[in-house]
$ cat final_22.txt   # compact mmCIF, C-alpha atoms and all ligand atoms
# COMPACT_ATOMS: atom_id res chain seq x y z
CA MET D 1 117.02 26.50 36.27
CA ASN D 2 118.94 23.99 38.41
CA ARG D 3 118.24 23.47 42.11
CA ASP D 4 121.28 25.39 43.38
CA ASP D 5 120.61 28.45 41.20
CA MET D 6 116.98 28.43 42.25
CA ILE D 7 117.91 28.22 45.92
CA ALA D 8 120.33 31.15 45.56
CA ALA D 9 117.76 33.25 43.70
CA VAL D 10 115.00 32.58 46.25
CA GLN D 11 117.34 33.23 49.18
CA ALA D 12 118.18 36.63 47.64
CA GLU D 13 114.47 37.60 47.77
CA MET D 14 114.16 37.39 51.55
CA PRO D 15 115.81 38.10 54.91
CA GLU D 16 117.84 35.39 56.65
CA ARG D 17 115.07 34.50 59.10
CA ARG D 18 112.58 33.80 56.27
CA TRP D 19 115.19 31.78 54.41
CA LYS D 20 115.60 29.59 57.53
CA HIS D 21 111.83 29.12 57.51
CA THR D 22 112.01 28.08 53.85
CA LEU D 23 114.72 25.51 54.66
CA GLY D 24 112.43 24.19 57.41
CA VAL D 25 109.49 23.92 55.00
CA MET D 26 111.74 22.08 52.49
CA GLU D 27 112.86 19.56 55.09
CA THR D 28 109.34 19.03 56.47
CA SER D 29 107.75 18.77 53.00
CA VAL D 30 110.21 16.02 52.05
CA LEU D 31 109.49 14.18 55.31
CA LEU D 32 105.70 14.44 54.89
CA ALA D 33 105.93 13.44 51.22
CA ARG D 34 107.82 10.26 52.19
CA ARG D 35 105.35 9.58 55.00
CA PHE D 36 102.21 10.05 52.93
CA GLY D 37 103.32 8.71 49.55
CA GLU D 38 103.96 11.85 47.54
CA ASP D 39 106.98 12.69 45.36
CA PRO D 40 109.60 14.25 47.71
CA GLU D 41 111.42 16.10 44.91
CA ARG D 42 108.28 17.85 43.70
CA ALA D 43 107.26 18.65 47.27
CA GLU D 44 110.71 20.16 47.87
CA LEU D 45 110.46 22.27 44.71
CA ALA D 46 107.13 23.72 45.88
CA ALA D 47 108.64 24.38 49.31
CA ILE D 48 111.70 26.19 47.89
CA LEU D 49 109.45 28.62 46.02
CA HIS D 50 106.41 28.84 48.30
CA ASP D 51 107.31 32.19 49.91
CA VAL D 52 109.31 33.65 47.00
CA ALA D 53 107.02 36.71 46.81
CA LYS D 54 106.58 37.15 50.57
CA TYR D 55 108.73 40.30 50.69
CA TRP D 56 107.53 41.88 47.49
CA GLN D 57 105.99 45.32 47.83
CA THR D 58 102.23 45.31 48.06
CA SER D 59 102.01 47.45 44.91
CA ARG D 60 104.08 44.94 42.95
CA MET D 61 101.86 42.05 44.06
CA GLU D 62 98.73 44.05 43.35
CA ALA D 63 99.93 44.83 39.82
CA ILE D 64 100.41 41.12 39.07
CA ILE D 65 97.00 40.24 40.54
CA ARG D 66 95.30 42.92 38.42
CA GLU D 67 97.27 42.57 35.21
CA GLU D 68 97.83 38.83 35.03
CA GLY D 69 94.29 37.68 35.69
CA LEU D 70 94.72 36.38 39.25
CA PRO D 71 91.51 36.26 41.33
CA PRO D 72 90.60 39.91 41.92
CA ASP D 73 88.66 39.06 45.12
CA LEU D 74 92.07 38.62 46.80
CA LEU D 75 92.35 42.40 46.87
CA LYS D 76 89.42 42.60 49.31
CA TYR D 77 91.14 40.30 51.82
CA ASP D 78 94.29 40.41 53.94
CA LYS D 79 97.44 41.28 51.98
CA GLU D 80 99.16 38.35 53.71
CA LEU D 81 97.24 36.10 51.32
CA TRP D 82 98.64 37.65 48.16
CA HIS D 83 102.16 36.22 48.13
CA ALA D 84 100.86 32.68 47.53
CA PRO D 85 99.10 33.14 44.16
CA VAL D 86 101.72 35.73 43.16
CA GLY D 87 104.41 33.20 44.15
CA ALA D 88 102.86 30.61 41.83
CA TYR D 89 102.89 33.18 39.03
CA VAL D 90 106.56 33.95 39.70
CA ALA D 91 107.45 30.25 39.92
CA GLU D 92 105.96 29.70 36.49
CA HIS D 93 107.09 32.84 34.71
CA ASN D 94 110.42 33.70 36.37
CA PHE D 95 111.62 30.23 37.43
CA GLY D 96 110.21 28.17 34.57
CA VAL D 97 108.23 25.72 36.71
CA THR D 98 105.73 23.86 34.49
CA ASP D 99 104.48 21.21 36.94
CA SER D 100 100.89 22.27 37.63
CA GLY D 101 100.75 20.22 40.85
CA VAL D 102 103.76 22.12 42.18
CA LEU D 103 102.34 25.47 41.04
CA ASP D 104 99.01 24.72 42.76
CA ALA D 105 100.74 23.77 46.01
CA ILE D 106 102.45 27.18 45.96
CA ARG D 107 99.24 28.98 44.90
CA TYR D 108 97.15 27.48 47.71
CA HIS D 109 99.76 27.15 50.48
CA THR D 110 98.23 30.02 52.49
CA SER D 111 94.49 29.92 51.77
CA GLY D 112 93.99 26.24 51.09
CA ARG D 113 91.07 25.34 48.78
CA GLU D 114 88.32 22.79 48.40
CA ASP D 115 89.58 19.39 47.22
CA MET D 116 93.20 20.02 48.19
CA THR D 117 95.56 17.56 46.52
CA ARG D 118 97.95 15.54 48.65
CA MET D 119 100.72 17.85 47.42
CA ASP D 120 98.72 20.95 48.44
CA LYS D 121 98.16 19.48 51.91
CA ILE D 122 101.80 18.53 52.41
CA VAL D 123 103.19 21.97 51.58
CA CYS D 124 100.50 23.81 53.55
CA LEU D 125 101.02 21.57 56.59
CA ALA D 126 104.82 21.81 56.33
CA ASP D 127 104.42 25.60 56.35
CA TYR D 128 102.49 25.31 59.65
CA MET D 129 104.78 22.86 61.44
CA GLU D 130 108.37 23.28 60.17
CA PRO D 131 110.86 23.12 63.07
CA GLY D 132 111.17 26.92 63.37
CA ARG D 133 107.44 27.46 63.95
CA ASP D 134 106.36 28.26 67.48
CA PHE D 135 102.73 29.17 68.14
CA PRO D 136 100.09 27.85 70.55
CA GLY D 137 98.96 24.48 69.20
CA VAL D 138 101.92 23.73 66.93
CA GLU D 139 102.96 20.69 69.03
CA ARG D 140 99.48 19.21 68.64
CA ILE D 141 99.70 19.72 64.86
CA ARG D 142 103.09 17.93 64.81
CA GLU D 143 101.66 15.03 66.83
CA LEU D 144 98.66 14.64 64.52
CA SER D 145 100.93 14.79 61.47
CA GLY D 146 102.57 11.52 62.52
CA GLN D 147 99.38 9.67 61.63
CA HIS D 148 96.94 11.85 59.83
CA LEU D 149 97.67 14.49 57.20
CA GLU D 150 94.11 15.84 57.11
CA LYS D 151 93.55 16.05 60.87
CA ALA D 152 96.85 17.89 61.30
CA LEU D 153 95.94 20.36 58.57
CA ILE D 154 92.47 20.97 60.07
CA ALA D 155 94.20 21.87 63.34
CA GLY D 156 96.38 24.30 61.38
CA PHE D 157 93.42 26.01 59.71
CA ASP D 158 91.56 26.10 63.05
CA SER D 159 94.47 27.98 64.55
CA THR D 160 94.61 30.49 61.65
CA ILE D 161 90.84 31.04 61.62
CA THR D 162 90.76 31.51 65.41
CA HIS D 163 93.56 34.05 65.12
CA LEU D 164 91.80 35.96 62.31
CA LEU D 165 88.54 36.02 64.29
CA ALA D 166 90.31 37.35 67.38
CA GLN D 167 91.72 40.18 65.26
CA GLY D 168 88.32 40.95 63.73
CA LYS D 169 89.64 40.20 60.25
CA ARG D 170 87.82 38.92 57.19
CA ILE D 171 88.36 35.27 56.29
CA TYR D 172 89.03 34.32 52.69
CA PRO D 173 86.30 31.95 51.44
CA LEU D 174 88.79 29.33 50.19
CA THR D 175 90.03 28.84 53.76
CA ILE D 176 86.50 28.11 54.98
CA ALA D 177 85.97 25.81 51.98
CA ALA D 178 89.25 23.99 52.66
CA ARG D 179 88.42 23.38 56.32
CA ASN D 180 84.81 22.31 55.65
CA ASP D 181 85.95 19.89 52.97
CA LEU D 182 88.74 18.40 55.13
CA LEU D 183 86.32 17.94 58.05
CA LEU D 184 83.84 16.13 55.83
CA LYS D 185 86.50 13.77 54.51
CA ALA D 186 88.37 13.20 57.80
CA ARG D 187 85.39 11.77 59.68
O1 LIG V 1 103.98 32.97 54.55
P1 LIG V 1 104.04 32.32 55.91
O2 LIG V 1 104.15 33.34 57.00
O3 LIG V 1 105.07 31.26 56.00
O4 LIG V 1 102.66 31.57 56.16
P2 LIG V 1 101.29 31.60 55.33
O5 LIG V 1 101.56 31.77 53.91
O6 LIG V 1 100.53 30.38 55.73
O7 LIG V 1 100.41 32.76 55.95
C1 LIG V 1 100.42 34.07 55.93
C2 LIG V 1 99.38 34.62 56.86
O8 LIG V 1 98.16 34.89 56.17
C3 LIG V 1 98.92 33.81 58.07
O9 LIG V 1 99.62 34.19 59.21
C4 LIG V 1 97.47 34.21 58.26
C5 LIG V 1 97.23 35.22 57.17
N1 LIG V 1 95.88 35.22 56.61
C6 LIG V 1 95.15 36.34 56.45
N2 LIG V 1 93.95 36.06 55.98
C7 LIG V 1 93.88 34.72 55.82
C8 LIG V 1 95.13 34.18 56.20
N3 LIG V 1 95.38 32.86 56.15
C9 LIG V 1 94.38 32.05 55.70
N4 LIG V 1 94.60 30.73 55.64
N5 LIG V 1 93.16 32.53 55.32
C10 LIG V 1 92.85 33.86 55.37
O10 LIG V 1 91.74 34.27 55.05
FE FE V 2 103.51 31.82 52.85
FE FE V 3 100.26 28.21 55.44
FE FE V 4 105.90 29.93 54.56

$ encode --input "final_22.txt" --output "structure tokens"
Amino acid sequence: MNRDDMIAAVQAEMPERRWKHTLGVMETSVLLARRFGEDPERAELAAILHDVAKYWQTSRMEAIIREEGLPPDLLKYDKELWHAPVGAYVAEHNFGVTDSGVLDAIRYHTSGREDMTRMDKIVCLADYMEPGRDFPGVERIRELSGQHLEKALIAGFDSTITHLLAQGKRIYPLTIAARNDLLLKAR
């Protein structure tokens, strides 16, 4: 599928406000890829598709998780996590993406994981700091991102984890693993 057709198909899956967010993640992923020596075209492809399943019904996501062999432990954690691995599945099977680095960046853009690739980090960080994002701490994340991909991403995970704790929610183990691993390597 060519870029324009893909953009039109993804846009059709979501409300206008979420499409604006996706455009922001595309722009920021390209910028971060240039800054940190990653392929901007592949980063943009991951960004276009990263939230493709965000507005799917819970039951539709759950069916894919159960029937297509996605990690079943997801079902015990916040539903907000599900669109990322389901999005990677959709990118591969409905959009024909074969680049495993791009698929992983989509798959892990919400949770993170241990040993995140540079591509994983770029898309996850772009998701936190695209121009439309406005939450306490986002300016600090943007500042850190000028110099240090890992430190900026740690600040992003810190903000998510703090938020989840304040709401008394469970935290998906990959998020803890991602943050621990980044802290170890960013010293
Ligand atoms: O899809 P977006 O809104 O652009 O952003 P996202 O994919 O990063 O996040 C979706 C939400 O998932 C985020 O607001 C926090 C929530 N969430 C719930 N449980 C967890 C979690 N995020 C992480 N990283 N880890 C969790 O365990
Ligand atoms: Fe997302
Ligand atoms: Fe994210
Ligand atoms: Fe997003």

$ residues_around --input "final_22.txt" --residues "His50 of chain D" --least-positions-apart "6" --cutoff "8 Å" --atoms "all atoms listed in the file" --output "count of residues only"
8

$ residues_near_ligand --input "final_22.txt" --ligand "ligand FE 3 (chain V)" --cutoff "9 Å" --atoms "only C-alpha atoms and all ligand atoms" --output "list in words"
Tyr108, His109, Thr110, Ser111, Gly112, Val123, Cys124, Leu125, Ala126, Asp127, Tyr128, Gly156, Phe157 and Thr160 of chain D

$ atom_distance --input "final_22.txt" --atom1 "atom CA of Ala43 of chain D" --atom2 "atom CA of Leu103 of chain D"
10.5 Å

$ residues_around --input "final_22.txt" --residues "Gly132 of chain D" --least-positions-apart "3" --cutoff "8 Å" --atoms "all atoms listed in the file" --output "list in words"
Lys20, His21, Gly24 and Met129 of chain D

$ closest_residue --input "final_22.txt" --among "D:Glu92, D:Ile171, D:Ala177, D:Glu139" --to "Tyr77 of chain D" --atoms "only C-alpha atoms"
D:Ile171

$ closest_residue --input "final_22.txt" --among "D:Val138, D:Val86, D:Ile7, D:Leu32" --to "ligand FE 2 (chain V)" --atoms "all atoms listed in the file"
D:Val86

$ atom_distance --input "final_22.txt" --atom1 "atom CA of Pro85 of chain D" --atom2 "atom C9 of ligand LIG 1 (chain V)"
12.5 Å

$ closest_residue --input "final_22.txt" --among "D:Ala12, D:Ala53, D:Val97, D:Ile141" --to "ligand LIG 1 (chain V)" --atoms "all atoms listed in the file"
D:Ala53

$ closest_residue --input "final_22.txt" --among "D:Leu144, D:Glu44, D:Ala63, D:Asp181" --to "Leu75 of chain D" --atoms "only C-alpha atoms"
D:Ala63

$ closest_residue --input "final_22.txt" --among "D:Asp73, D:Asp51, D:Asp99, D:Asp78" --to "ligand FE 4 (chain V)" --atoms "all atoms listed in the file"
D:Asp51
